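Trainee: Just so it is clear, I am handing over coords_30.csv, which has CSV, C-alpha atoms.
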```csv
chain,number,residue,atom,x,y,z
A,1,MET,CA,-15.7,-7.9,20.9
A,2,PRO,CA,-16.1,-5.5,17.9
A,3,LYS,CA,-19.1,-5.6,15.6
A,4,ILE,CA,-18.0,-6.6,12.1
A,5,SER,CA,-19.6,-5.6,8.7
A,6,VAL,CA,-18.6,-7.7,5.7
A,7,ILE,CA,-19.3,-5.7,2.6
A,8,VAL,CA,-19.6,-7.2,-0.9
A,9,PRO,CA,-20.2,-5.4,-4.2
A,10,CYS,CA,-21.6,-7.8,-6.8
A,11,TYR,CA,-23.3,-7.9,-10.2
A,12,ASN,CA,-24.6,-11.1,-11.9
A,13,GLU,CA,-22.8,-13.4,-9.5
A,14,GLN,CA,-25.3,-16.2,-9.3
A,15,SER,CA,-22.6,-18.9,-9.9
A,16,THR,CA,-20.4,-17.8,-7.0
A,17,ILE,CA,-22.3,-15.7,-4.5
A,18,CYS,CA,-23.5,-18.7,-2.4
A,19,LEU,CA,-19.9,-20.0,-2.2
A,20,LEU,CA,-19.0,-16.7,-0.6
A,21,LEU,CA,-22.0,-16.7,1.8
A,22,GLU,CA,-21.4,-20.3,2.8
A,23,ALA,CA,-17.7,-19.4,3.6
A,24,LEU,CA,-19.0,-16.5,5.7
A,25,HIS,CA,-21.4,-18.7,7.5
A,26,GLU,CA,-18.5,-21.0,8.4
A,27,GLN,CA,-16.3,-18.2,9.9
A,28,THR,CA,-14.9,-18.8,13.3
A,29,PHE,CA,-15.8,-15.3,14.3
A,30,PRO,CA,-19.2,-15.2,16.2
A,31,ARG,CA,-22.1,-14.8,13.7
A,32,ALA,CA,-24.0,-12.7,16.3
A,33,GLU,CA,-21.3,-10.0,16.0
A,34,MET,CA,-21.2,-10.1,12.2
A,35,GLU,CA,-23.4,-8.7,9.4
A,36,VAL,CA,-23.1,-9.1,5.6
A,37,VAL,CA,-24.1,-6.2,3.4
A,38,VAL,CA,-24.3,-7.0,-0.3
A,39,ALA,CA,-24.4,-4.1,-2.7
A,40,ASP,CA,-26.0,-5.5,-5.9
A,41,GLY,CA,-25.6,-3.6,-9.2
A,42,MET,CA,-29.2,-4.5,-10.2
A,43,SER,CA,-28.3,-8.0,-11.3
A,44,SER,CA,-30.2,-9.5,-14.2
A,45,ASP,CA,-29.5,-13.1,-13.4
A,46,GLY,CA,-30.6,-15.1,-10.4
A,47,THR,CA,-28.1,-13.4,-7.9
A,48,ARG,CA,-30.8,-11.9,-5.7
A,49,ASN,CA,-32.9,-15.1,-5.7
A,50,ALA,CA,-29.8,-17.1,-4.7
A,51,ILE,CA,-29.2,-14.7,-1.8
A,52,ALA,CA,-32.8,-14.9,-0.7
A,53,ALA,CA,-32.7,-18.7,-0.8
A,54,PHE,CA,-29.5,-18.7,1.3
A,55,GLN,CA,-31.1,-16.3,3.8
A,56,LYS,CA,-34.1,-18.6,4.2
A,57,ASP,CA,-31.8,-21.7,4.8
A,58,PHE,CA,-29.4,-19.9,7.1
A,59,PRO,CA,-31.3,-17.2,9.0
A,60,ASP,CA,-28.6,-17.0,11.7
A,61,LEU,CA,-26.3,-15.0,9.4
A,62,SER,CA,-27.4,-11.4,9.1
A,63,ILE,CA,-27.5,-10.6,5.3
A,64,ARG,CA,-28.8,-7.4,3.8
A,65,VAL,CA,-29.0,-6.4,0.1
A,66,VAL,CA,-28.8,-2.8,-1.0
A,67,ASP,CA,-29.1,-1.3,-4.5
A,68,ASN,CA,-26.0,-0.1,-6.4
A,69,THR,CA,-27.7,1.8,-9.1
A,70,LEU,CA,-24.5,3.1,-10.6
A,71,ARG,CA,-23.4,-0.5,-11.2
A,72,ASN,CA,-19.7,0.0,-10.7
A,73,ILE,CA,-17.5,-1.5,-8.0
A,74,PRO,CA,-16.5,1.6,-6.0
A,75,SER,CA,-20.1,2.8,-5.8
A,76,GLY,CA,-21.1,-0.6,-4.6
A,77,VAL,CA,-18.4,-0.6,-1.9
A,78,ASN,CA,-19.6,2.9,-0.8
A,79,ARG,CA,-23.3,2.0,-0.7
A,80,ALA,CA,-22.5,-1.1,1.4
A,81,ILE,CA,-20.3,1.0,3.8
A,82,GLU,CA,-23.0,3.5,4.1
A,83,ALA,CA,-25.6,0.8,5.0
A,84,SER,CA,-23.3,-1.1,7.4
A,85,ARG,CA,-23.1,-0.7,11.1
A,86,GLY,CA,-19.9,-2.5,12.2
A,87,GLU,CA,-16.9,-1.0,13.9
A,88,ILE,CA,-14.6,-2.9,11.6
A,89,ILE,CA,-15.4,-3.2,7.9
A,90,VAL,CA,-14.2,-6.3,6.0
A,91,ARG,CA,-14.4,-6.0,2.2
A,92,LEU,CA,-14.7,-9.1,0.1
A,93,ASP,CA,-15.5,-9.9,-3.5
A,94,ALA,CA,-18.4,-12.1,-4.9
A,95,HIS,CA,-15.7,-14.1,-6.7
A,96,SER,CA,-13.9,-15.0,-3.4
A,97,LYS,CA,-14.1,-17.6,-0.8
A,98,PRO,CA,-12.4,-16.6,2.5
A,99,TYR,CA,-10.8,-19.2,4.8
A,100,PRO,CA,-12.8,-20.0,8.0
A,101,ASP,CA,-10.5,-17.8,10.1
A,102,TYR,CA,-10.4,-14.9,7.7
A,103,VAL,CA,-12.6,-12.5,9.7
A,104,ALA,CA,-11.0,-13.5,13.0
A,105,ASN,CA,-7.5,-12.9,11.7
A,106,CYS,CA,-8.5,-9.5,10.3
A,107,VAL,CA,-9.9,-8.5,13.7
A,108,LYS,CA,-6.8,-9.9,15.5
A,109,ALA,CA,-4.5,-7.8,13.3
A,110,HIS,CA,-6.6,-4.6,14.0
A,111,GLU,CA,-6.6,-5.3,17.7
A,112,GLU,CA,-2.8,-5.7,17.6
A,113,ASP,CA,-2.7,-2.4,15.7
A,114,ARG,CA,-0.8,-3.9,12.8
A,115,GLY,CA,-2.1,-1.5,10.2
A,116,ASP,CA,-4.9,0.8,9.2
A,117,ASN,CA,-5.9,-1.3,6.2
A,118,VAL,CA,-5.2,-5.0,6.7
A,119,GLY,CA,-5.5,-7.7,4.0
A,120,GLY,CA,-4.1,-11.0,3.1
A,121,VAL,CA,-3.1,-13.4,0.3
A,122,TRP,CA,-5.2,-14.5,-2.6
A,123,GLU,CA,-5.1,-18.2,-3.7
A,124,ILE,CA,-6.2,-18.2,-7.3
A,125,HIS,CA,-8.4,-21.0,-8.3
A,126,PRO,CA,-9.9,-21.8,-11.8
A,127,GLY,CA,-13.2,-20.3,-12.7
A,128,ALA,CA,-14.2,-23.5,-14.6
A,129,ASP,CA,-13.0,-27.1,-15.0
A,130,THR,CA,-11.3,-26.6,-18.3
A,131,TRP,CA,-7.6,-26.6,-19.3
A,132,ILE,CA,-7.7,-22.9,-20.3
A,133,ALA,CA,-9.4,-21.9,-17.1
A,134,LYS,CA,-6.8,-23.8,-15.1
A,135,SER,CA,-4.1,-22.1,-17.1
A,136,ILE,CA,-5.6,-18.7,-16.4
A,137,ALA,CA,-5.5,-19.5,-12.6
A,138,VAL,CA,-1.8,-20.5,-12.7
A,139,ALA,CA,-0.9,-17.4,-14.9
A,140,ALA,CA,-2.7,-15.1,-12.4
A,141,SER,CA,-0.1,-16.2,-9.8
A,142,HIS,CA,2.9,-16.5,-12.0
A,143,PRO,CA,5.7,-13.9,-11.6
A,144,LEU,CA,5.6,-13.2,-15.4
A,145,GLY,CA,1.9,-12.5,-15.0
A,146,VAL,CA,1.8,-10.4,-11.8
A,147,GLY,CA,5.4,-9.3,-11.3
A,148,ASP,CA,6.0,-8.4,-7.7
A,149,ALA,CA,2.4,-8.3,-6.4
A,150,MET,CA,3.0,-9.4,-2.9
A,151,TYR,CA,-0.6,-10.4,-2.2
A,152,ARG,CA,-0.4,-13.2,-4.6
A,153,HIS,CA,2.7,-15.0,-3.2
A,154,ALA,CA,3.8,-13.5,0.1
A,155,THR,CA,4.8,-15.8,2.9
A,156,ARG,CA,5.7,-13.3,5.6
A,157,ALA,CA,3.7,-10.4,7.1
A,158,ALA,CA,4.8,-7.0,6.0
A,159,GLU,CA,3.9,-3.4,5.3
A,160,VAL,CA,3.0,-3.0,1.6
A,161,ASP,CA,1.6,-0.5,-0.9
A,162,THR,CA,-1.8,-2.2,-1.3
A,163,VAL,CA,-3.8,-5.3,-0.4
A,164,PRO,CA,-6.8,-6.9,-2.2
A,165,PHE,CA,-10.1,-6.1,-0.6
A,166,GLY,CA,-8.8,-5.1,2.8
A,167,SER,CA,-10.3,-4.5,6.3
A,168,PHE,CA,-10.4,-1.3,8.2
A,169,ARG,CA,-12.0,0.5,11.1
A,170,ARG,CA,-14.9,2.8,10.2
A,171,GLU,CA,-13.0,5.8,11.5
A,172,LEU,CA,-10.5,5.4,8.6
A,173,ILE,CA,-13.3,6.5,6.2
A,174,ASP,CA,-13.7,9.7,8.3
A,175,ARG,CA,-9.9,10.4,7.8
A,176,VAL,CA,-9.5,9.6,4.1
A,177,GLY,CA,-13.0,9.5,2.6
A,178,LEU,CA,-14.9,6.9,0.8
A,179,PHE,CA,-13.8,5.0,-2.4
A,180,ASN,CA,-13.4,7.1,-5.5
A,181,GLU,CA,-16.4,6.4,-7.7
A,182,SER,CA,-14.9,7.9,-10.8
A,183,LEU,CA,-12.4,5.0,-10.9
A,184,HIS,CA,-14.3,1.8,-12.0
A,185,THR,CA,-11.1,-0.2,-11.4
A,186,ASN,CA,-8.0,0.4,-9.3
A,187,GLU,CA,-10.2,1.9,-6.6
A,188,ASP,CA,-8.5,-0.2,-3.9
A,189,TYR,CA,-5.0,1.0,-4.9
A,190,GLU,CA,-6.2,4.7,-5.0
A,191,PHE,CA,-7.8,4.3,-1.6
A,192,ASN,CA,-4.6,2.9,-0.1
A,193,VAL,CA,-2.6,5.7,-1.6
A,194,ARG,CA,-4.8,8.1,0.4
A,195,VAL,CA,-4.4,6.0,3.5
A,196,ARG,CA,-0.6,6.1,3.2
A,197,ARG,CA,-0.5,9.8,2.5
A,198,ALA,CA,-2.6,10.4,5.6
A,199,GLY,CA,0.1,8.6,7.6
A,200,GLY,CA,-1.6,5.2,7.7
A,201,ARG,CA,-0.1,1.7,7.2
A,202,ILE,CA,-1.2,-1.0,4.8
A,203,TRP,CA,-0.5,-4.4,6.3
A,204,LEU,CA,-0.4,-7.8,4.5
A,205,ASP,CA,-0.8,-10.8,6.7
A,206,PRO,CA,-0.5,-14.2,5.0
A,207,SER,CA,-2.6,-15.8,7.7
A,208,ILE,CA,-5.5,-13.9,6.2
A,209,ARG,CA,-6.3,-16.0,3.2
A,210,SER,CA,-9.0,-16.2,0.6
A,211,ILE,CA,-9.6,-18.2,-2.6
A,212,TYR,CA,-10.3,-16.0,-5.6
A,213,PHE,CA,-11.9,-17.6,-8.7
A,214,ALA,CA,-10.2,-16.4,-11.8
A,215,ARG,CA,-11.9,-15.7,-15.1
A,216,ALA,CA,-12.8,-18.8,-17.0
A,217,THR,CA,-12.1,-17.9,-20.7
A,218,LEU,CA,-9.5,-15.9,-22.6
A,219,LEU,CA,-12.2,-13.4,-23.7
A,220,GLU,CA,-13.3,-12.8,-20.1
A,221,LEU,CA,-9.6,-12.4,-19.1
A,222,ALA,CA,-8.9,-10.0,-22.0
A,223,ARG,CA,-11.9,-7.8,-20.9
A,224,GLN,CA,-10.7,-7.8,-17.3
A,225,TYR,CA,-7.1,-6.8,-18.1
A,226,TRP,CA,-8.1,-4.2,-20.6
A,227,ARG,CA,-10.3,-2.7,-17.9
A,228,TYR,CA,-7.3,-2.9,-15.4
A,229,GLY,CA,-5.0,-1.1,-17.8
A,230,TYR,CA,-7.6,1.5,-18.8
A,231,TRP,CA,-8.4,2.6,-15.3
A,232,LYS,CA,-4.8,2.3,-14.1
A,233,TRP,CA,-3.9,5.3,-16.3
A,234,ARG,CA,-6.8,7.2,-14.9
A,235,MET,CA,-5.5,6.5,-11.4
A,236,LEU,CA,-1.9,7.4,-12.3
A,237,ARG,CA,-3.0,10.8,-13.6
A,238,ARG,CA,-3.8,11.6,-10.0
A,239,TYR,CA,-0.8,9.9,-8.4
A,240,PRO,CA,2.0,9.5,-11.1
A,241,ASP,CA,4.6,8.7,-8.4
A,242,THR,CA,2.8,5.4,-7.6
A,243,LEU,CA,3.8,3.8,-11.0
A,244,ARG,CA,5.7,0.6,-10.5
A,245,TRP,CA,8.1,-1.0,-13.0
A,246,ARG,CA,5.9,-4.0,-13.5
A,247,GLN,CA,3.0,-1.8,-14.5
A,248,ALA,CA,5.1,0.2,-17.1
A,249,LEU,CA,6.3,-2.9,-19.0
A,250,PRO,CA,3.1,-4.0,-20.7
A,251,PRO,CA,2.2,-0.6,-22.3
A,252,LEU,CA,5.9,-0.1,-23.3
A,253,PHE,CA,5.9,-3.5,-24.9
A,254,VAL,CA,2.7,-2.9,-26.8
A,255,LEU,CA,3.9,0.6,-27.8
A,256,SER,CA,7.2,-0.9,-29.2
A,257,LEU,CA,5.2,-3.4,-31.3
A,258,ILE,CA,2.9,-0.7,-32.7
A,259,SER,CA,5.8,1.7,-33.4
A,260,LEU,CA,8.0,-1.0,-35.1
A,261,LEU,CA,5.0,-2.2,-37.2
A,262,LEU,CA,4.2,1.3,-38.4
A,263,VAL,CA,7.8,2.5,-39.0
A,264,SER,CA,8.7,-0.8,-40.8
A,265,ILE,CA,6.3,0.2,-43.6
A,266,PHE,CA,8.8,2.9,-44.5
A,267,LEU,CA,11.9,1.2,-43.2
A,268,PRO,CA,11.4,-2.5,-44.0
A,269,VAL,CA,14.6,-3.5,-42.1
A,270,LEU,CA,12.8,-2.8,-38.9
A,271,ALA,CA,10.4,-5.6,-39.6
A,272,PHE,CA,13.3,-7.9,-38.7
A,273,VAL,CA,13.6,-6.0,-35.4
A,274,LEU,CA,9.9,-6.5,-34.8
A,275,ALA,CA,10.1,-10.2,-35.6
A,276,GLY,CA,13.1,-10.5,-33.3
A,277,GLU,CA,11.3,-8.9,-30.4
A,278,LEU,CA,8.3,-11.1,-30.9
A,279,PHE,CA,10.5,-14.2,-31.2
A,280,ILE,CA,12.3,-13.4,-27.9
A,281,TYR,CA,9.1,-12.6,-26.1
A,282,PHE,CA,7.2,-15.7,-27.1
A,283,SER,CA,10.3,-17.8,-26.6
A,284,ILE,CA,10.3,-16.7,-22.9
A,285,MET,CA,6.6,-17.4,-22.7
A,286,VAL,CA,7.0,-20.9,-24.1
A,287,ILE,CA,10.0,-21.7,-21.8
A,288,ALA,CA,8.0,-20.5,-18.8
A,289,GLY,CA,5.1,-22.6,-19.9
A,290,LEU,CA,7.2,-25.7,-20.4
A,291,TYR,CA,9.0,-25.2,-17.1
A,292,THR,CA,5.8,-24.7,-15.2
A,293,ALA,CA,4.1,-27.7,-16.9
A,294,PHE,CA,7.1,-29.9,-16.0
A,295,ARG,CA,7.2,-28.6,-12.4
A,296,GLN,CA,3.5,-29.0,-11.8
A,297,GLN,CA,3.1,-32.2,-13.9
A,298,LYS,CA,0.3,-30.6,-16.0
A,299,PRO,CA,1.2,-30.8,-19.7
A,300,TYR,CA,-1.6,-28.4,-20.8
A,301,LEU,CA,0.3,-25.5,-19.0
A,302,ALA,CA,2.9,-25.6,-21.7
A,303,LEU,CA,0.4,-24.2,-24.2
A,304,GLY,CA,-1.8,-22.5,-21.7
A,305,LEU,CA,0.7,-20.1,-20.2
A,306,ALA,CA,2.1,-19.3,-23.6
A,307,LEU,CA,-1.4,-18.1,-24.5
A,308,VAL,CA,-2.7,-16.6,-21.3
A,309,ILE,CA,0.2,-14.5,-20.1
A,310,PRO,CA,0.5,-12.6,-23.5
A,311,VAL,CA,-3.2,-11.9,-23.3
A,312,MET,CA,-2.7,-10.4,-19.9
A,313,HIS,CA,0.2,-8.3,-21.0
A,314,ILE,CA,-1.1,-7.1,-24.3
A,315,THR,CA,-4.7,-6.3,-23.2
A,316,TRP,CA,-3.5,-4.5,-20.1
A,317,GLY,CA,-1.0,-2.5,-22.2
A,318,CYS,CA,-3.6,-1.7,-24.9
A,319,GLY,CA,-6.1,-0.6,-22.3
A,320,PHE,CA,-3.5,1.6,-20.7
A,321,LEU,CA,-2.5,3.2,-24.0
A,322,TRP,CA,-6.1,3.6,-25.1
A,323,SER,CA,-6.8,5.4,-21.9
A,324,ILE,CA,-3.9,7.8,-22.5
A,325,LEU,CA,-5.1,8.4,-26.1
A,326,THR,CA,-8.7,9.1,-25.1
A,327,THR,CA,-7.5,11.5,-22.3
A,328,LEU,CA,-5.4,13.4,-24.8
A,329,SER,CA,-8.3,13.4,-27.3
A,330,SER,CA,-10.7,14.8,-24.8
A,331,LYS,CA,-8.3,17.6,-23.8
A,332,ASN,CA,-7.8,18.6,-27.5
A,333,ASN,CA,-11.6,18.6,-28.1
A,334,GLY,CA,-12.0,20.6,-24.9
```
Here is the file; what I need is its structure written in the form of structure tokens.
Mentor:
Amino acid sequence: MPKISVIVPCYNEQSTICLLLEALHEQTFPRAEMEVVVADGMSSDGTRNAIAAFQKDFPDLSIRVVDNTLRNIPSGVNRAIEASRGEIIVRLDAHSKPYPDYVANCVKAHEEDRGDNVGGVWEIHPGADTWIAKSIAVAASHPLGVGDAMYRHATRAAEVDTVPFGSFRRELIDRVGLFNESLHTNEDYEFNVRVRRAGGRIWLDPSIRSIYFARATLLELARQYWRYGYWKWRMLRRYPDTLRWRQALPPLFVLSLISLLLVSIFLPVLAFVLAGELFIYFSIMVIAGLYTAFRQQKPYLALGLALVIPVMHITWGCGFLWSILTTLSSKNNG
């Protein structure tokens, strides 16, 4: 039986870290063959105290905490990998809660040689018990919000471009290298690009399931999607051929709004085009919200999705365009 290292980058996750550790303690995979390595970005809340308290209550689960002084996700992943000892590395997030058979199913897929990096499906749950948090969780799995992202709605196992978190044999790091620490987001996708270009396979297995707790407020969501968009451009500069249609739409939409707004100052007739575009866009959002509210029998989703999905689109697009602008600016200044 292979030794397993579960690695977890985290920062100020006092509210969720114990949910993850409890889920790992309940794994069907033997605890004696499993270790947990948490790379903490020097948390300023009670994260470390919560981990220490859990260790005291459940000493049969091996947990180690290492410092992530750079305080970004890929550096945390790398510090945890470097400190780990397992043959198979299973990456998880401090906002996640894996199903009891998560680790066992990852190991099974590797033993069957399904893929070099193996992952599963996210089930998005609300980050708080509020109507907006519940709307954010639904939007994060809605086709208008995530497009064709297979790891949010796949029902059949398949080879894919990327998986969330992922699990892989340690030898894969020797082949393709550690995670890129210059990318503070999109590091998973960039890692998987290198795996595929080295001849490896990325495998999505819906039996590997985890719960992911979405952001609880629109402000937290906006910050998250701005960051996603910003770092997506930085990743695309390295691998432009990896751009997918669903990723191009938000920045194109935002760019069209900005362009029409600016040009309409000189050509007022274009203000009607801008108004028409906004009307069509928000009509689609309202219809999607009403349909989902009716289908799920949750009236708050009618307003919730009409608010949340535009926040996802617009902040992702703005972050992407701002990243392009700052890149061009730095080149000109250089």
Trainee: If you count all atoms listed in the file, which residues fall within 10 Å of A:Pro2, apart from same-chain ones fewer than 2 positions away, as a list of chain:residue names?
Mentor: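 Listed by chain and then number, they are A:Ile4, A:Ser5, A:Glu33, A:Met34, A:Gly86, A:Glu87, A:Ile88, A:Val107, A:Glu111, A:Arg169.
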Trainee: Could you list, as JSON, numbers by chain, every residue within 9 Å of A:His125, counting all atoms listed in the file and ignoring same-chain residues fewer than 6 positions away?
Mentor: {"A": [133, 134, 136, 137, 138, 211, 212, 213, 214]}
Trainee: Just the residues within 12 Å of A:Val311, please, counting only C-alpha atoms, with nothing from its chain fewer than 3 positions along; format it as a VMD selection string.
Mentor: chain A and resid 135 to 136 139 to 140 144 to 145 217 to 226 250 254 282 285 304 to 308 314 to 319
Trainee: With C-alpha atoms retained, could you export that selection as a PDB file, in the frame of the given file?
Mentor:
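Generated output (result16.pdb):
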```pdb
ATOM      1  CA  SER A 135      -4.100 -22.100 -17.100  1.00  0.00           C
ATOM      2  CA  ILE A 136      -5.600 -18.700 -16.400  1.00  0.00           C
ATOM      3  CA  ALA A 139      -0.900 -17.400 -14.900  1.00  0.00           C
ATOM      4  CA  ALA A 140      -2.700 -15.100 -12.400  1.00  0.00           C
ATOM      5  CA  LEU A 144       5.600 -13.200 -15.400  1.00  0.00           C
ATOM      6  CA  GLY A 145       1.900 -12.500 -15.000  1.00  0.00           C
ATOM      7  CA  THR A 217     -12.100 -17.900 -20.700  1.00  0.00           C
ATOM      8  CA  LEU A 218      -9.500 -15.900 -22.600  1.00  0.00           C
ATOM      9  CA  LEU A 219     -12.200 -13.400 -23.700  1.00  0.00           C
ATOM     10  CA  GLU A 220     -13.300 -12.800 -20.100  1.00  0.00           C
ATOM     11  CA  LEU A 221      -9.600 -12.400 -19.100  1.00  0.00           C
ATOM     12  CA  ALA A 222      -8.900 -10.000 -22.000  1.00  0.00           C
ATOM     13  CA  ARG A 223     -11.900  -7.800 -20.900  1.00  0.00           C
ATOM     14  CA  GLN A 224     -10.700  -7.800 -17.300  1.00  0.00           C
ATOM     15  CA  TYR A 225      -7.100  -6.800 -18.100  1.00  0.00           C
ATOM     16  CA  TRP A 226      -8.100  -4.200 -20.600  1.00  0.00           C
ATOM     17  CA  PRO A 250       3.100  -4.000 -20.700  1.00  0.00           C
ATOM     18  CA  VAL A 254       2.700  -2.900 -26.800  1.00  0.00           C
ATOM     19  CA  PHE A 282       7.200 -15.700 -27.100  1.00  0.00           C
ATOM     20  CA  MET A 285       6.600 -17.400 -22.700  1.00  0.00           C
ATOM     21  CA  GLY A 304      -1.800 -22.500 -21.700  1.00  0.00           C
ATOM     22  CA  LEU A 305       0.700 -20.100 -20.200  1.00  0.00           C
ATOM     23  CA  ALA A 306       2.100 -19.300 -23.600  1.00  0.00           C
ATOM     24  CA  LEU A 307      -1.400 -18.100 -24.500  1.00  0.00           C
ATOM     25  CA  VAL A 308      -2.700 -16.600 -21.300  1.00  0.00           C
ATOM     26  CA  ILE A 314      -1.100  -7.100 -24.300  1.00  0.00           C
ATOM     27  CA  THR A 315      -4.700  -6.300 -23.200  1.00  0.00           C
ATOM     28  CA  TRP A 316      -3.500  -4.500 -20.100  1.00  0.00           C
ATOM     29  CA  GLY A 317      -1.000  -2.500 -22.200  1.00  0.00           C
ATOM     30  CA  CYS A 318      -3.600  -1.700 -24.900  1.00  0.00           C
ATOM     31  CA  GLY A 319      -6.100  -0.600 -22.300  1.00  0.00           C
TER      32      GLY A 319
END
```
Trainee: Atom CA of A:Cys106 and atom CA of A:Glu26, how far apart in Å?
Mentor: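 The value is 15.4 Å.
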Trainee: From the set A:Ser182, A:Ser141, A:Gln247, A:Asn117, which residue has the shortest atom-to-atom contact distance to A:Thr162, counting all atoms listed in the file?
Mentor: A:Asn117
Trainee: What's around A:Ile89 at 12 Å? Count all atoms listed in the file, leave out sequence neighbours fewer than 2 positions away in its own chain, and write the answer as a PyMOL selection string.
Mentor: chain A and resi 2-8+34-37+77-78+80-87+91-92+103+106-107+110+116-119+165-173
Trainee: With all heavy atoms as the goal, would you fill in the gaps in stretch 112-118 of chain A and present it as an mmCIF file, keeping the file's coordinate frame?
Mentor:
```cif
data_model
loop_
_atom_site.group_PDB
_atom_site.id
_atom_site.type_symbol
_atom_site.label_atom_id
_atom_site.label_comp_id
_atom_site.auth_asym_id
_atom_site.auth_seq_id
_atom_site.Cartn_x
_atom_site.Cartn_y
_atom_site.Cartn_z
ATOM 1 N N GLU A 112 -4.264 -5.783 17.336
ATOM 2 C CA GLU A 112 -2.800 -5.700 17.600
ATOM 3 C C GLU A 112 -2.233 -4.414 16.952
ATOM 4 O O GLU A 112 -1.020 -4.195 17.016
ATOM 5 C CB GLU A 112 -2.103 -6.910 17.095
ATOM 6 C CG GLU A 112 -2.476 -8.176 17.861
ATOM 7 C CD GLU A 112 -1.848 -9.424 17.267
ATOM 8 O OE1 GLU A 112 -1.248 -9.324 16.159
ATOM 9 O OE2 GLU A 112 -1.951 -10.496 17.899
ATOM 10 N N ASP A 113 -3.090 -3.618 16.294
ATOM 11 C CA ASP A 113 -2.700 -2.400 15.700
ATOM 12 C C ASP A 113 -1.585 -2.570 14.621
ATOM 13 O O ASP A 113 -0.625 -1.798 14.535
ATOM 14 C CB ASP A 113 -2.223 -1.355 16.724
ATOM 15 C CG ASP A 113 -2.223 0.081 16.192
ATOM 16 O OD1 ASP A 113 -2.987 0.353 15.240
ATOM 17 O OD2 ASP A 113 -1.450 0.896 16.705
ATOM 18 N N ARG A 114 -1.760 -3.618 13.804
ATOM 19 C CA ARG A 114 -0.800 -3.900 12.800
ATOM 20 C C ARG A 114 -0.809 -2.912 11.624
ATOM 21 O O ARG A 114 0.215 -2.591 11.019
ATOM 22 C CB ARG A 114 -0.969 -5.324 12.227
ATOM 23 C CG ARG A 114 -0.786 -6.428 13.253
ATOM 24 C CD ARG A 114 0.649 -6.546 13.681
ATOM 25 N NE ARG A 114 0.864 -7.639 14.627
ATOM 26 C CZ ARG A 114 2.037 -7.944 15.159
ATOM 27 N NH1 ARG A 114 3.092 -7.223 14.831
ATOM 28 N NH2 ARG A 114 2.150 -8.929 16.007
ATOM 29 N N GLY A 115 -1.996 -2.458 11.284
ATOM 30 C CA GLY A 115 -2.100 -1.500 10.200
ATOM 31 C C GLY A 115 -3.486 -0.883 10.146
ATOM 32 O O GLY A 115 -4.415 -1.316 10.846
ATOM 33 N N ASP A 116 -3.605 0.165 9.337
ATOM 34 C CA ASP A 116 -4.900 0.800 9.200
ATOM 35 C C ASP A 116 -5.795 0.121 8.216
ATOM 36 O O ASP A 116 -7.015 0.101 8.380
ATOM 37 C CB ASP A 116 -4.651 2.288 8.739
ATOM 38 C CG ASP A 116 -3.892 3.092 9.784
ATOM 39 O OD1 ASP A 116 -2.649 3.060 9.758
ATOM 40 O OD2 ASP A 116 -4.544 3.730 10.625
ATOM 41 N N ASN A 117 -5.207 -0.424 7.168
ATOM 42 C CA ASN A 117 -5.900 -1.300 6.200
ATOM 43 C C ASN A 117 -5.200 -2.600 6.163
ATOM 44 O O ASN A 117 -4.013 -2.642 5.815
ATOM 45 C CB ASN A 117 -6.014 -0.628 4.844
ATOM 46 C CG ASN A 117 -7.017 -1.326 3.930
ATOM 47 O OD1 ASN A 117 -7.760 -2.194 4.368
ATOM 48 N ND2 ASN A 117 -7.020 -0.942 2.666
ATOM 49 N N VAL A 118 -5.872 -3.651 6.527
ATOM 50 C CA VAL A 118 -5.200 -5.000 6.700
ATOM 51 C C VAL A 118 -5.854 -5.940 5.670
ATOM 52 O O VAL A 118 -7.080 -6.014 5.543
ATOM 53 C CB VAL A 118 -5.418 -5.501 8.105
ATOM 54 C CG1 VAL A 118 -4.875 -6.923 8.208
ATOM 55 C CG2 VAL A 118 -4.720 -4.588 9.111
#
```
